[in-house]
$ cat protein_20.txt   # compact mmCIF, C-alpha atoms
# COMPACT_ATOMS: atom_id res chain seq x y z
CA MET A 1 -11.68 -15.91 8.36
CA ASN A 2 -12.52 -18.56 10.93
CA LYS A 3 -10.06 -21.14 9.69
CA ARG A 4 -7.29 -18.66 9.30
CA PHE A 5 -7.99 -17.41 12.78
CA GLU A 6 -7.79 -20.84 14.35
CA ALA A 7 -4.57 -21.63 12.58
CA PHE A 8 -3.18 -18.37 13.84
CA ARG A 9 -4.39 -18.81 17.37
CA THR A 10 -2.79 -22.17 17.91
CA GLY A 11 0.49 -20.74 16.68
CA GLU A 12 0.11 -17.73 18.90
CA VAL A 13 -0.68 -19.81 21.95
CA LYS A 14 2.32 -22.01 21.25
CA ARG A 15 4.54 -18.98 20.95
CA MET A 16 3.09 -17.62 24.16
CA GLU A 17 3.80 -20.84 26.02
CA ARG A 18 7.30 -20.92 24.61
CA ARG A 19 7.79 -17.33 25.66
CA LEU A 20 6.51 -17.89 29.19
CA PHE A 21 8.71 -20.96 29.48
CA LEU A 22 11.65 -18.97 28.14
CA LYS A 23 10.97 -16.16 30.55
CA GLN A 24 10.91 -18.53 33.50
CA SER A 25 14.10 -20.22 32.42
CA LEU A 26 15.66 -16.81 31.87
CA SER A 27 14.83 -15.61 35.36
CA PHE A 28 16.06 -18.93 36.75
CA GLY A 29 19.27 -18.42 34.81
CA ALA A 30 19.54 -14.88 36.13
CA LEU A 31 19.13 -16.09 39.68
CA ALA A 32 21.66 -18.86 39.20
CA LEU A 33 24.29 -16.65 37.65
CA LEU A 34 23.46 -13.42 39.50
CA THR A 35 24.38 -11.62 36.32
CA GLY A 36 23.29 -11.26 32.70
CA CYS A 37 23.29 -7.86 31.11
CA ALA A 38 21.00 -8.92 28.27
CA ILE A 39 18.43 -10.24 30.72
CA THR A 40 18.26 -7.09 32.82
CA GLU A 41 18.10 -4.98 29.65
CA GLU A 42 15.23 -7.12 28.42
CA GLU A 43 13.44 -6.74 31.76
CA LYS A 44 13.92 -2.97 31.66
CA VAL A 45 12.40 -2.79 28.20
CA GLN A 46 9.50 -4.99 29.33
CA ASP A 47 9.01 -2.74 32.34
CA VAL A 48 8.87 0.42 30.19
CA LEU A 49 6.42 -1.22 27.78
CA MET A 50 4.16 -2.35 30.64
CA ARG A 51 4.23 1.16 32.10
CA MET A 52 3.28 2.63 28.75
CA SER A 53 0.42 0.11 28.53
CA GLY A 54 -0.71 1.29 31.97
CA TRP A 55 -0.50 4.91 30.80
CA ASN A 56 -2.59 3.95 27.76
CA ASP A 57 -5.20 2.48 30.14
CA GLU A 58 -5.43 5.93 31.78
CA VAL A 59 -5.68 7.74 28.44
CA GLN A 60 -8.40 5.37 27.24
CA GLY A 61 -10.31 6.01 30.45
CA TRP A 62 -10.28 9.75 29.63
CA LEU A 63 -11.15 9.17 25.97
CA PHE A 64 -14.07 6.93 26.89
CA ASN A 65 -17.30 8.86 26.52
CA PRO A 66 -20.05 7.09 28.53
CA ASN A 67 -22.72 8.55 26.23
CA ARG A 68 -21.10 7.71 22.91
CA LEU A 69 -22.76 4.67 21.37
CA ALA A 70 -21.06 2.07 19.21
CA PRO A 71 -22.57 2.10 15.72
CA GLU A 72 -25.50 -0.29 15.23
CA PHE A 73 -26.06 -2.04 11.91
CA PRO A 74 -29.00 -3.39 9.88
CA GLU A 75 -29.64 -7.16 9.97
CA SER A 76 -28.36 -7.46 6.40
CA ARG A 77 -24.85 -6.62 7.60
CA ILE A 78 -24.67 -9.49 10.12
CA THR A 79 -21.66 -11.78 9.58
CA ARG A 80 -22.84 -15.36 9.02
CA PRO A 81 -21.67 -17.65 10.40
CA PHE A 82 -20.31 -15.57 13.24
CA PRO A 83 -16.64 -16.55 13.79
CA PHE A 84 -15.72 -18.68 16.79
CA ASN A 85 -12.81 -17.60 18.94
CA ALA A 86 -11.20 -18.63 22.22
CA TYR A 87 -7.73 -19.46 23.46
CA TYR A 88 -8.26 -23.02 22.19
CA SER A 89 -9.85 -24.64 19.15
CA GLU A 90 -13.54 -25.08 18.43
CA GLN A 91 -13.34 -28.85 19.07
CA GLU A 92 -12.43 -28.19 22.69
CA VAL A 93 -15.48 -26.07 23.48
CA ILE A 94 -17.06 -27.06 26.79
CA ASP A 95 -20.72 -27.88 27.21
CA VAL A 96 -22.19 -26.11 30.23
CA ASP A 97 -25.19 -27.89 31.80
CA GLY A 98 -27.93 -25.24 31.72
CA GLY A 99 -30.09 -27.15 34.22
CA LYS A 100 -27.44 -27.00 36.91
CA TYR A 101 -26.11 -23.61 35.90
CA LYS A 102 -25.90 -20.80 38.43
CA LEU A 103 -24.37 -17.36 38.03
CA GLU A 104 -22.41 -16.71 41.22
CA LEU A 105 -22.09 -13.13 42.48
CA GLY A 106 -19.39 -11.74 44.72
CA GLY A 107 -17.60 -8.67 45.95
CA MET A 108 -19.31 -5.35 46.54
CA VAL A 109 -22.93 -6.39 45.87
CA LYS A 110 -25.86 -6.51 48.30
CA GLU A 111 -27.79 -9.45 46.81
CA ARG A 112 -25.35 -12.31 46.48
CA LYS A 113 -27.94 -14.99 45.78
CA PRO A 114 -26.82 -17.01 42.71
CA TRP A 115 -29.02 -16.71 39.61
CA THR A 116 -30.44 -19.69 37.72
CA LEU A 117 -31.09 -19.51 33.98
CA PRO A 118 -34.91 -19.25 34.25
CA GLU A 119 -34.42 -16.33 36.66
CA LEU A 120 -32.01 -14.61 34.24
CA TYR A 121 -34.27 -15.25 31.24
CA ALA A 122 -37.18 -13.61 33.10
CA LEU A 123 -35.39 -10.25 33.12
CA PRO A 124 -36.36 -7.59 30.55
CA GLN A 125 -34.30 -8.13 27.41
CA VAL A 126 -32.90 -5.89 24.70
CA THR A 127 -31.10 -6.56 21.40
CA GLN A 128 -28.14 -4.92 19.71
CA ILE A 129 -26.55 -5.44 16.28
CA THR A 130 -23.00 -4.27 16.74
CA ARG A 131 -19.51 -4.93 15.51
CA HIS A 132 -17.14 -7.21 17.39
CA ILE A 133 -13.56 -6.02 16.83
CA CYS A 134 -10.80 -8.51 17.56
CA VAL A 135 -7.40 -7.37 18.83
CA GLU A 136 -5.97 -9.27 15.85
CA GLY A 137 -7.60 -6.84 13.45
CA TRP A 138 -10.59 -8.69 12.01
CA SER A 139 -14.13 -7.66 12.79
CA ALA A 140 -17.57 -9.24 12.52
CA ILE A 141 -21.10 -7.93 13.04
CA GLY A 142 -23.49 -9.88 15.23
CA SER A 143 -26.87 -9.59 16.91
CA TRP A 144 -26.96 -10.22 20.66
CA THR A 145 -29.91 -10.27 23.06
CA GLY A 146 -29.84 -10.07 26.82
CA VAL A 147 -30.21 -7.85 29.84
CA ARG A 148 -28.68 -4.40 30.05
CA PHE A 149 -25.74 -4.82 32.39
CA SER A 150 -26.33 -1.52 34.22
CA ASP A 151 -29.88 -2.70 35.04
CA PHE A 152 -28.53 -6.00 36.31
CA LEU A 153 -25.91 -4.28 38.47
CA GLN A 154 -28.64 -2.09 39.96
CA ARG A 155 -30.87 -5.12 40.56
CA ILE A 156 -28.18 -6.96 42.53
CA GLY A 157 -27.35 -3.83 44.52
CA ALA A 158 -23.84 -3.49 43.15
CA ASP A 159 -21.72 -0.65 44.48
CA THR A 160 -21.29 1.25 41.20
CA THR A 161 -18.73 3.55 42.81
CA ALA A 162 -16.33 0.58 42.79
CA LYS A 163 -13.62 0.51 40.13
CA TYR A 164 -13.94 -2.88 38.46
CA VAL A 165 -16.25 -5.70 37.53
CA GLY A 166 -14.53 -9.06 37.16
CA PHE A 167 -15.74 -12.19 35.37
CA GLU A 168 -14.86 -15.87 35.71
CA CYS A 169 -15.72 -18.40 33.05
CA ALA A 170 -16.35 -22.14 32.90
CA ASP A 171 -13.31 -22.64 30.63
CA GLY A 172 -10.84 -21.02 33.00
CA TYR A 173 -10.91 -17.72 31.13
CA TYR A 174 -11.27 -14.55 33.18
CA SER A 175 -11.38 -10.84 32.48
CA SER A 176 -12.41 -7.54 34.00
CA ILE A 177 -13.71 -4.14 32.94
CA ASP A 178 -13.82 -0.63 34.40
CA MET A 179 -17.07 0.47 36.04
CA ALA A 180 -17.72 3.30 33.54
CA SER A 181 -17.70 0.80 30.67
CA ALA A 182 -19.78 -1.65 32.71
CA LEU A 183 -22.49 1.02 33.04
CA HIS A 184 -22.45 1.93 29.33
CA PRO A 185 -25.96 1.50 27.84
CA GLN A 186 -24.71 -1.01 25.22
CA THR A 187 -23.02 -3.32 27.73
CA PHE A 188 -25.28 -6.42 27.95
CA LEU A 189 -25.25 -9.76 29.70
CA THR A 190 -26.42 -11.82 26.74
CA PHE A 191 -28.22 -15.15 26.35
CA LYS A 192 -28.85 -15.11 22.60
CA ILE A 193 -27.04 -14.59 19.33
CA SER A 194 -29.14 -13.99 16.18
CA ASP A 195 -32.29 -14.47 18.33
CA GLU A 196 -31.30 -18.02 19.27
CA ILE A 197 -29.98 -19.26 22.61
CA LEU A 198 -26.17 -19.06 22.45
CA ALA A 199 -24.69 -22.21 20.95
CA PRO A 200 -21.94 -23.72 23.14
CA LYS A 201 -19.23 -22.23 20.92
CA TYR A 202 -20.70 -18.74 21.38
CA GLY A 203 -20.55 -18.94 25.16
CA TYR A 204 -23.67 -20.78 26.39
CA PRO A 205 -25.28 -19.85 28.64
CA LEU A 206 -23.92 -16.38 29.34
CA LYS A 207 -21.71 -13.97 27.43
CA LEU A 208 -20.85 -10.35 28.16
CA ARG A 209 -21.38 -8.20 25.08
CA ILE A 210 -19.54 -4.91 25.31
CA PRO A 211 -19.16 -3.22 21.90
CA THR A 212 -17.01 -0.42 23.34
CA LYS A 213 -14.22 -2.92 23.97
CA LEU A 214 -12.13 -5.39 21.97
CA GLY A 215 -13.34 -8.96 21.52
CA PHE A 216 -11.26 -10.49 24.31
CA LYS A 217 -13.03 -8.19 26.80
CA ASN A 218 -16.30 -9.99 25.94
CA PRO A 219 -16.02 -13.12 28.11
CA LYS A 220 -18.14 -16.18 27.27
CA TRP A 221 -19.35 -19.11 29.46
CA ILE A 222 -19.52 -16.70 32.43
CA THR A 223 -20.10 -18.52 35.72
CA ALA A 224 -19.25 -15.82 38.25
CA MET A 225 -18.92 -12.08 38.46
CA PHE A 226 -17.76 -9.75 41.19
CA VAL A 227 -17.49 -6.03 41.91
CA THR A 228 -14.22 -4.87 43.40
CA ASN A 229 -11.69 -2.10 43.89
CA ARG A 230 -8.80 -4.54 43.57
CA PHE A 231 -7.46 -4.81 40.01
CA PRO A 232 -8.60 -8.24 38.77
CA GLY A 233 -6.58 -8.42 35.50
CA GLY A 234 -7.53 -11.01 32.90
CA PHE A 235 -6.38 -14.08 30.98
CA TRP A 236 -4.87 -12.21 28.01
CA GLU A 237 -4.32 -9.00 29.96
CA ASP A 238 -1.99 -10.76 32.41
CA ARG A 239 -0.03 -12.06 29.41
CA GLY A 240 0.65 -8.63 27.97
CA TYR A 241 -2.47 -7.45 26.17
CA ASN A 242 -3.61 -3.97 27.10
CA TRP A 243 -6.10 -4.14 29.98
CA PHE A 244 -8.53 -1.34 29.07
CA GLY A 245 -8.91 -2.70 25.53
CA GLY A 246 -11.35 0.04 24.53
CA VAL A 247 -12.42 0.77 20.97
CA MET B 1 26.67 27.22 5.63
CA GLN B 2 23.63 26.01 7.63
CA VAL B 3 21.25 23.73 5.74
CA HIS B 4 19.25 22.04 8.49
CA PRO B 5 18.12 23.84 11.66
CA LEU B 6 18.83 21.98 14.93
CA LEU B 7 15.15 21.28 15.59
CA VAL B 8 14.75 19.68 12.17
CA ARG B 9 17.80 17.46 12.70
CA VAL B 10 16.71 16.29 16.15
CA ALA B 11 13.14 15.71 14.94
CA HIS B 12 14.46 13.82 11.92
CA TRP B 13 16.42 11.28 13.96
CA ILE B 14 13.71 10.84 16.58
CA ASN B 15 11.33 10.26 13.68
CA VAL B 16 13.66 7.66 12.16
CA LEU B 17 13.58 5.71 15.42
CA ALA B 18 9.83 6.14 15.97
CA VAL B 19 8.89 5.19 12.40
CA LEU B 20 11.19 2.14 12.45
CA VAL B 21 9.50 0.91 15.63
CA MET B 22 6.01 1.74 14.33
CA ILE B 23 6.54 -0.06 11.02
CA SER B 24 8.32 -3.13 12.36
CA SER B 25 5.77 -3.64 15.15
CA GLY B 26 2.97 -2.75 12.71
CA TRP B 27 4.07 -5.59 10.43
CA ARG B 28 3.73 -8.03 13.33
CA ILE B 29 0.23 -6.70 14.02
CA TYR B 30 -0.59 -7.04 10.31
CA ASN B 31 0.55 -10.69 10.45
CA ALA B 32 -2.11 -11.50 13.06
CA ASP B 33 -4.79 -11.03 10.39
CA PRO B 34 -3.22 -10.26 6.99
CA LEU B 35 -5.23 -8.01 4.67
CA PHE B 36 -3.56 -9.53 1.62
CA GLY B 37 -2.18 -12.92 0.68
CA PHE B 38 1.17 -12.43 2.37
CA SER B 39 2.77 -11.95 5.78
CA PHE B 40 5.95 -10.19 6.80
CA PRO B 41 8.81 -12.48 7.85
CA ASP B 42 8.94 -12.65 11.66
CA GLU B 43 12.65 -11.76 11.58
CA VAL B 44 11.95 -8.23 10.36
CA THR B 45 9.15 -7.60 12.86
CA LEU B 46 9.27 -6.28 16.40
CA GLY B 47 7.53 -7.54 19.52
CA GLY B 48 7.90 -11.34 19.36
CA TRP B 49 4.14 -11.93 19.30
CA LEU B 50 0.96 -9.92 18.82
CA ALA B 51 0.72 -8.56 22.38
CA GLY B 52 4.39 -7.54 22.35
CA ALA B 53 4.02 -5.84 18.98
CA LEU B 54 0.94 -3.96 20.21
CA GLN B 55 2.88 -2.81 23.29
CA TRP B 56 5.67 -1.43 21.10
CA HIS B 57 3.23 0.14 18.65
CA PHE B 58 1.16 1.91 21.32
CA ALA B 59 4.26 3.03 23.23
CA ALA B 60 6.17 4.36 20.21
CA MET B 61 3.07 6.16 18.93
CA TRP B 62 3.54 8.76 21.68
CA LEU B 63 7.13 9.43 20.64
CA PHE B 64 6.04 9.59 17.00
CA VAL B 65 3.06 11.90 17.57
CA VAL B 66 4.70 14.28 20.05
CA ASN B 67 7.79 14.59 17.84
CA GLY B 68 5.62 15.03 14.76
CA VAL B 69 3.48 17.74 16.35
CA VAL B 70 6.60 19.70 17.40
CA TYR B 71 8.11 19.35 13.91
CA VAL B 72 4.96 20.32 11.99
CA ALA B 73 4.25 23.25 14.33
CA TYR B 74 7.83 24.47 13.84
CA GLY B 75 7.63 23.90 10.08
CA ILE B 76 4.51 25.99 9.75
CA LEU B 77 5.19 28.73 12.32
CA SER B 78 8.84 29.37 11.43
CA GLY B 79 8.16 29.41 7.70
CA HIS B 80 10.51 26.42 7.26
CA PHE B 81 7.95 24.51 5.15
CA ARG B 82 7.12 27.57 3.05
CA ARG B 83 10.77 28.36 2.36
CA LYS B 84 12.00 24.83 1.74
CA LEU B 85 9.03 22.95 0.30
CA LEU B 86 7.13 25.59 -1.67
CA PRO B 87 6.39 26.30 -4.40
CA ILE B 88 5.86 22.89 -5.97
CA SER B 89 4.85 22.71 -9.62
CA PRO B 90 3.72 19.29 -10.87
CA LEU B 91 5.58 19.86 -14.12
CA ALA B 92 8.86 20.51 -12.32
CA VAL B 93 8.32 17.39 -10.18
CA LEU B 94 7.84 15.22 -13.29
CA ARG B 95 10.85 16.82 -14.96
CA ASP B 96 13.02 16.14 -11.89
CA ILE B 97 11.85 12.55 -11.57
CA ALA B 98 12.68 11.97 -15.25
CA ALA B 99 16.09 13.58 -14.68
CA ALA B 100 16.65 11.34 -11.65
CA PHE B 101 16.08 8.23 -13.76
CA ARG B 102 18.61 9.50 -16.31
CA GLY B 103 21.05 10.06 -13.45
CA LYS B 104 21.06 13.77 -14.09
CA LEU B 105 19.10 15.14 -11.14
CA ALA B 106 20.80 18.23 -9.78
CA HIS B 107 21.18 18.81 -6.03
CA ASP B 108 24.35 20.91 -6.15
CA ASP B 109 23.16 23.61 -3.79
CA LEU B 110 22.19 21.64 -0.67
CA THR B 111 20.34 24.64 0.76
CA VAL B 112 17.71 24.39 -1.99
CA TYR B 113 15.55 21.30 -2.52
CA ASN B 114 14.79 20.31 -6.11
CA ALA B 115 11.16 19.74 -7.08
CA ALA B 116 11.30 15.95 -6.63
CA GLN B 117 12.63 16.40 -3.08
CA ARG B 118 9.97 18.96 -2.24
CA ALA B 119 7.23 16.63 -3.47
CA ALA B 120 8.69 13.62 -1.62
CA TYR B 121 9.18 15.44 1.71
CA LEU B 122 5.74 17.03 1.57
CA ALA B 123 4.14 13.70 0.63
CA LEU B 124 5.98 12.04 3.51
CA VAL B 125 4.63 14.55 6.03
CA LEU B 126 1.10 14.15 4.65
CA LEU B 127 1.34 10.34 4.67
CA LEU B 128 2.55 10.35 8.27
CA ILE B 129 -0.41 12.58 9.22
CA LEU B 130 -2.71 10.14 7.38
CA LEU B 131 -1.16 7.29 9.38
CA VAL B 132 -2.07 9.08 12.62
CA ALA B 133 -5.59 9.88 11.39
CA THR B 134 -6.27 6.29 10.27
CA GLY B 135 -4.43 4.89 13.29
CA LEU B 136 -6.76 6.74 15.65
CA VAL B 137 -9.76 5.14 13.93
CA LEU B 138 -8.16 1.69 14.26
CA TRP B 139 -7.32 2.28 17.91
CA LYS B 140 -10.70 3.82 18.79
CA PRO B 141 -13.23 3.02 16.04
CA VAL B 142 -16.15 3.80 18.38
CA GLN B 143 -14.81 6.95 20.06
CA PHE B 144 -13.63 8.36 16.68
CA TYR B 145 -16.51 7.00 14.61
CA TRP B 146 -17.65 10.59 13.96
CA TYR B 147 -14.84 11.03 11.47
CA GLY B 148 -13.96 7.37 10.91
CA GLN B 149 -17.13 6.96 8.87
CA PHE B 150 -15.68 9.39 6.31
CA ILE B 151 -12.59 7.25 5.72
CA GLY B 152 -14.33 3.93 5.28
CA ASP B 153 -14.92 3.23 8.98
CA TYR B 154 -12.80 0.62 10.77
CA GLU B 155 -12.31 -1.76 7.84
CA GLY B 156 -11.54 1.06 5.39
CA ALA B 157 -9.07 2.59 7.83
CA ARG B 158 -7.18 -0.73 7.98
CA PHE B 159 -6.49 -0.54 4.24
CA LEU B 160 -5.68 3.18 4.26
CA HIS B 161 -3.31 2.67 7.21
CA PHE B 162 -1.56 -0.09 5.29
CA PHE B 163 -1.27 1.89 2.03
CA ALA B 164 0.01 4.96 3.86
CA MET B 165 2.67 2.74 5.50
CA ALA B 166 3.61 1.37 2.06
CA GLY B 167 3.90 4.94 0.73
CA VAL B 168 6.16 5.91 3.62
CA GLY B 169 8.25 2.79 3.01
CA LEU B 170 8.66 3.66 -0.67
CA ILE B 171 9.70 7.25 0.05
CA VAL B 172 12.15 6.09 2.74
CA VAL B 173 13.79 3.61 0.35
CA VAL B 174 14.15 6.23 -2.39
CA HIS B 175 15.42 8.75 0.18
CA VAL B 176 18.10 6.39 1.50
CA VAL B 177 19.20 5.49 -2.06
CA MET B 178 19.49 9.18 -2.94
CA VAL B 179 21.56 9.86 0.19
CA ALA B 180 23.84 6.99 -0.81
CA LEU B 181 24.21 8.54 -4.28
CA VAL B 182 24.96 12.01 -2.86
CA PRO B 183 26.88 11.04 0.31
CA ARG B 184 27.86 14.59 1.27
CA THR B 185 24.21 15.19 2.26
CA PHE B 186 24.53 12.60 5.04
CA PRO B 187 26.81 14.36 7.58
CA SER B 188 24.79 17.55 7.19
CA MET B 189 21.82 15.81 8.85
CA PHE B 190 24.00 15.60 11.99
CA THR B 191 26.03 18.81 11.84
CA GLY B 192 23.48 20.92 10.01
CA ARG B 193 26.25 22.40 7.86
CA VAL B 194 27.81 21.90 4.45
CA ARG B 195 31.02 23.21 2.97
CA ILE B 196 30.40 25.47 0.04

$ encode --input "protein_20.txt" --output "structure tokens"
Amino acid sequence: MNKRFEAFRTGEVKRMERRLFLKQSLSFGALALLTGCAITEEEKVQDVLMRMSGWNDEVQGWLFNPNRLAPEFPESRITRPFPFNAYYSEQEVIDVDGGKYKLELGGMVKERKPWTLPELYALPQVTQITRHICVEGWSAIGSWTGVRFSDFLQRIGADTTAKYVGFECADGYYSSIDMASALHPQTFLTFKISDEILAPKYGYPLKLRIPTKLGFKNPKWITAMFVTNRFPGGFWEDRGYNWFGGV
Amino acid sequence: MQVHPLLVRVAHWINVLAVLVMISSGWRIYNADPLFGFSFPDEVTLGGWLAGALQWHFAAMWLFVVNGVVYVAYGILSGHFRRKLLPISPLAVLRDIAAAFRGKLAHDDLTVYNAAQRAAYLALVLLLILLVATGLVLWKPVQFYWYGQFIGDYEGARFLHFFAMAGVGLIVVVHVVMVALVPRTFPSMFTGRVRI
């Protein structure tokens, strides 16, 4: 699964780059010529599709039941090895220096003091064995350990009436989730996979585990998080993937 | 002589559009992580890449579902299904299929469906309902886990969704071939009428 996935991802990223490049050149062409029926038609279609994606965000918000738990599995069902995934290949995984690491906090929170790893590790921890579902279709079951995100938000005095929680990662990735999903009891800030400190490829030192959302809504290598009412978007979301990404 | 009520004709053509979009974008989504040892050629898929295909799929699903609900509600409440699709006897279906292969299947009176047609149209409606039921589990495997677990959960639903699509594809191909063989059925799907 892993190999096939990597092969696919590089192709997909290439296509994406080509597409973005094409789009830019198309809009440049449109500006230059001040015409182009095909281009405006294409933009109209894109606009309708983006609106429908926004409508689907709304619907998913209504469908989301804050008390419904994602199924948990026995240890025997864990996928080993757990597949690696990112917007680049496994060889390019960054190594975050845990000694210097700090989790930065921003936005609508009272306690903005950055957190070191020993401070994070000292928090009460819980474990879940849940299924990670990728937007591509494949799924894998893993065991993650960390702090319940709702507890952490409370501890830092986050305004939980705000709409979004955004995340920034050491590899340039970013994403955001709705507050209702952030407060779900199975949403964890995790430090461990299979009871071991996250290997670099699994997001050392900090990964958000949120089994009520698709894989790309589970950012790894998190370095900063913020609470906000301004829509923060995300790396894949800004490129056309549905923002809510709920499962 | 009226053979197809207006609502059925409109629903039919909306369904053609919706199903074409659903299947062609669905193939692109399938290609992102193929269940079997093959992919669909990019040229016959819709969306350009995975995110685009997902956008099409989750936009067209509304057209497909709303149209389907109206059609099925009409079919049941007006007695359209009961009059046109029932009764179906398995023996008559087999007999008609055998006759079709010998080139001797009768469809002289366009107001009455033969047994093979009844079976195919009923199967199509049921397969499309299965596509919605499995599709909901794929879209929301956690929120719909309560019934997803009875159809093989997320992974099982992926296979069922695929096989239901294949079944729809097969029926559509046979349907289009049959229309080509009996061309006077074609205009009636627009006008609703046939000359006796």

$ residues_around --input "protein_20.txt" --residues "B:Gly156" --least-positions-apart "6" --cutoff "10 Å" --atoms "only C-alpha atoms" --output "ChimeraX atom specification"
/B:134,137-138,148-150

$ interface_residues --input "protein_20.txt" --of "chain B" --to "chain A" --cutoff "7 Å" --atoms "all atoms listed in the file" --output "compact mmCIF listing (two decimals) with C-alpha atoms, in the coordinates of the input"
# COMPACT_ATOMS: atom_id res chain seq x y z
CA ILE B 29 0.23 -6.70 14.02
CA ALA B 32 -2.11 -11.50 13.06
CA ASP B 33 -4.79 -11.03 10.39
CA ALA B 51 0.72 -8.56 22.38
CA GLY B 52 4.39 -7.54 22.35
CA GLN B 55 2.88 -2.81 23.29
CA TRP B 56 5.67 -1.43 21.10
CA ALA B 59 4.26 3.03 23.23
CA TRP B 139 -7.32 2.28 17.91
CA LYS B 140 -10.70 3.82 18.79
CA PRO B 141 -13.23 3.02 16.04
CA VAL B 142 -16.15 3.80 18.38
CA GLN B 143 -14.81 6.95 20.06

$ closest_residue --input "protein_20.txt" --among "B:His161, B:Val182, B:Trp27, B:Ala60" --to "B:Ala106" --atoms "only C-alpha atoms"
B:Val182

$ atom_distance --input "protein_20.txt" --atom1 "atom CA of B:Phe190" --atom2 "atom CA of B:Leu105"
23.6 Å

$ residues_around --input "protein_20.txt" --residues "B:Tyr71" --least-positions-apart "5" --cutoff "9 Å" --atoms "all atoms listed in the file" --output "number ranges by chain"
B: 7-8, 11-12, 66, 76

$ write_last_selection --input "protein_20.txt" --atoms "C-alpha atoms" --output "compact mmCIF listing (two decimals), in the coordinates of the input"
# COMPACT_ATOMS: atom_id res chain seq x y z
CA LEU B 7 15.15 21.28 15.59
CA VAL B 8 14.75 19.68 12.17
CA ALA B 11 13.14 15.71 14.94
CA HIS B 12 14.46 13.82 11.92
CA VAL B 66 4.70 14.28 20.05
CA ILE B 76 4.51 25.99 9.75

$ closest_residue --input "protein_20.txt" --among "A:Phe73, A:Tyr101, A:Tyr173, A:Thr145" --to "A:Tyr88" --atoms "all atoms listed in the file"
A:Tyr173

$ residues_around --input "protein_20.txt" --residues "B:Tyr30" --least-positions-apart "4" --cutoff "9 Å" --atoms "all atoms listed in the file" --output "list of chain:residue names"
A:Glu136, A:Gly137, B:Ser25, B:Gly26, B:Pro34, B:Leu35, B:Ser39, B:Phe40, B:Phe162

$ write_last_selection --input "protein_20.txt" --atoms "C-alpha atoms" --output "short mmCIF file (atom, residue, chain, number, x, y, z; two decimals), in the frame of the given file"
data_model
loop_
_atom_site.label_atom_id
_atom_site.label_comp_id
_atom_site.auth_asym_id
_atom_site.auth_seq_id
_atom_site.Cartn_x
_atom_site.Cartn_y
_atom_site.Cartn_z
CA GLU A 136 -5.97 -9.27 15.85
CA GLY A 137 -7.60 -6.84 13.45
CA SER B 25 5.77 -3.64 15.15
CA GLY B 26 2.97 -2.75 12.71
CA PRO B 34 -3.22 -10.26 6.99
CA LEU B 35 -5.23 -8.01 4.67
CA SER B 39 2.77 -11.95 5.78
CA PHE B 40 5.95 -10.19 6.80
CA PHE B 162 -1.56 -0.09 5.29
#

$ residues_around --input "protein_20.txt" --residues "A:Asn229" --least-positions-apart "6" --cutoff "7 Å" --atoms "all atoms listed in the file" --output "list in words"
Ala162, Lys163 and Tyr164 of chain A

$ write_last_selection --input "protein_20.txt" --atoms "C-alpha atoms" --output "PDB file, in the frame of the given file"
ATOM      1  CA  ALA A 162     -16.330   0.580  42.790  1.00  0.00           C
ATOM      2  CA  LYS A 163     -13.620   0.510  40.130  1.00  0.00           C
ATOM      3  CA  TYR A 164     -13.940  -2.880  38.460  1.00  0.00           C
TER       4      TYR A 164
END

$ atom_distance --input "protein_20.txt" --atom1 "atom CA of A:Ala158" --atom2 "atom CA of A:Trp115"
14.6 Å

$ atom_distance --input "protein_20.txt" --atom1 "atom CA of B:Leu181" --atom2 "atom CA of B:Thr45"
27.9 Å

$ closest_residue --input "protein_20.txt" --among "B:Gln117, B:Asn31, B:Thr111, B:Gln2" --to "B:Ile97" --atoms "only C-alpha atoms"
B:Gln117

$ closest_residue --input "protein_20.txt" --among "A:Lys100, A:Lys113, A:Arg80, A:Lys192" --to "A:Ala140" --atoms "all atoms listed in the file"
A:Arg80

$ closest_residue --input "protein_20.txt" --among "B:Val93, B:Met165, B:Val173, B:Val65" --to "B:Asn15" --atoms "all atoms listed in the file"
B:Val65

$ residues_around --input "protein_20.txt" --residues "A:Gly98" --least-positions-apart "2" --cutoff "9 Å" --atoms "only C-alpha atoms" --output "PDB file with C-alpha atoms, keeping the file's coordinate frame"
ATOM      1  CA  ASP A  95     -20.720 -27.880  27.210  1.00  0.00           C
ATOM      2  CA  VAL A  96     -22.190 -26.110  30.230  1.00  0.00           C
ATOM      3  CA  LYS A 100     -27.440 -27.000  36.910  1.00  0.00           C
ATOM      4  CA  TYR A 101     -26.110 -23.610  35.900  1.00  0.00           C
ATOM      5  CA  LYS A 102     -25.900 -20.800  38.430  1.00  0.00           C
ATOM      6  CA  THR A 116     -30.440 -19.690  37.720  1.00  0.00           C
ATOM      7  CA  LEU A 117     -31.090 -19.510  33.980  1.00  0.00           C
ATOM      8  CA  TYR A 204     -23.670 -20.780  26.390  1.00  0.00           C
ATOM      9  CA  PRO A 205     -25.280 -19.850  28.640  1.00  0.00           C
TER      10      PRO A 205
END

$ closest_residue --input "protein_20.txt" --among "B:Leu131, B:Leu170, B:Val112, B:Met189" --to "B:Trp13" --atoms "all atoms listed in the file"
B:Met189
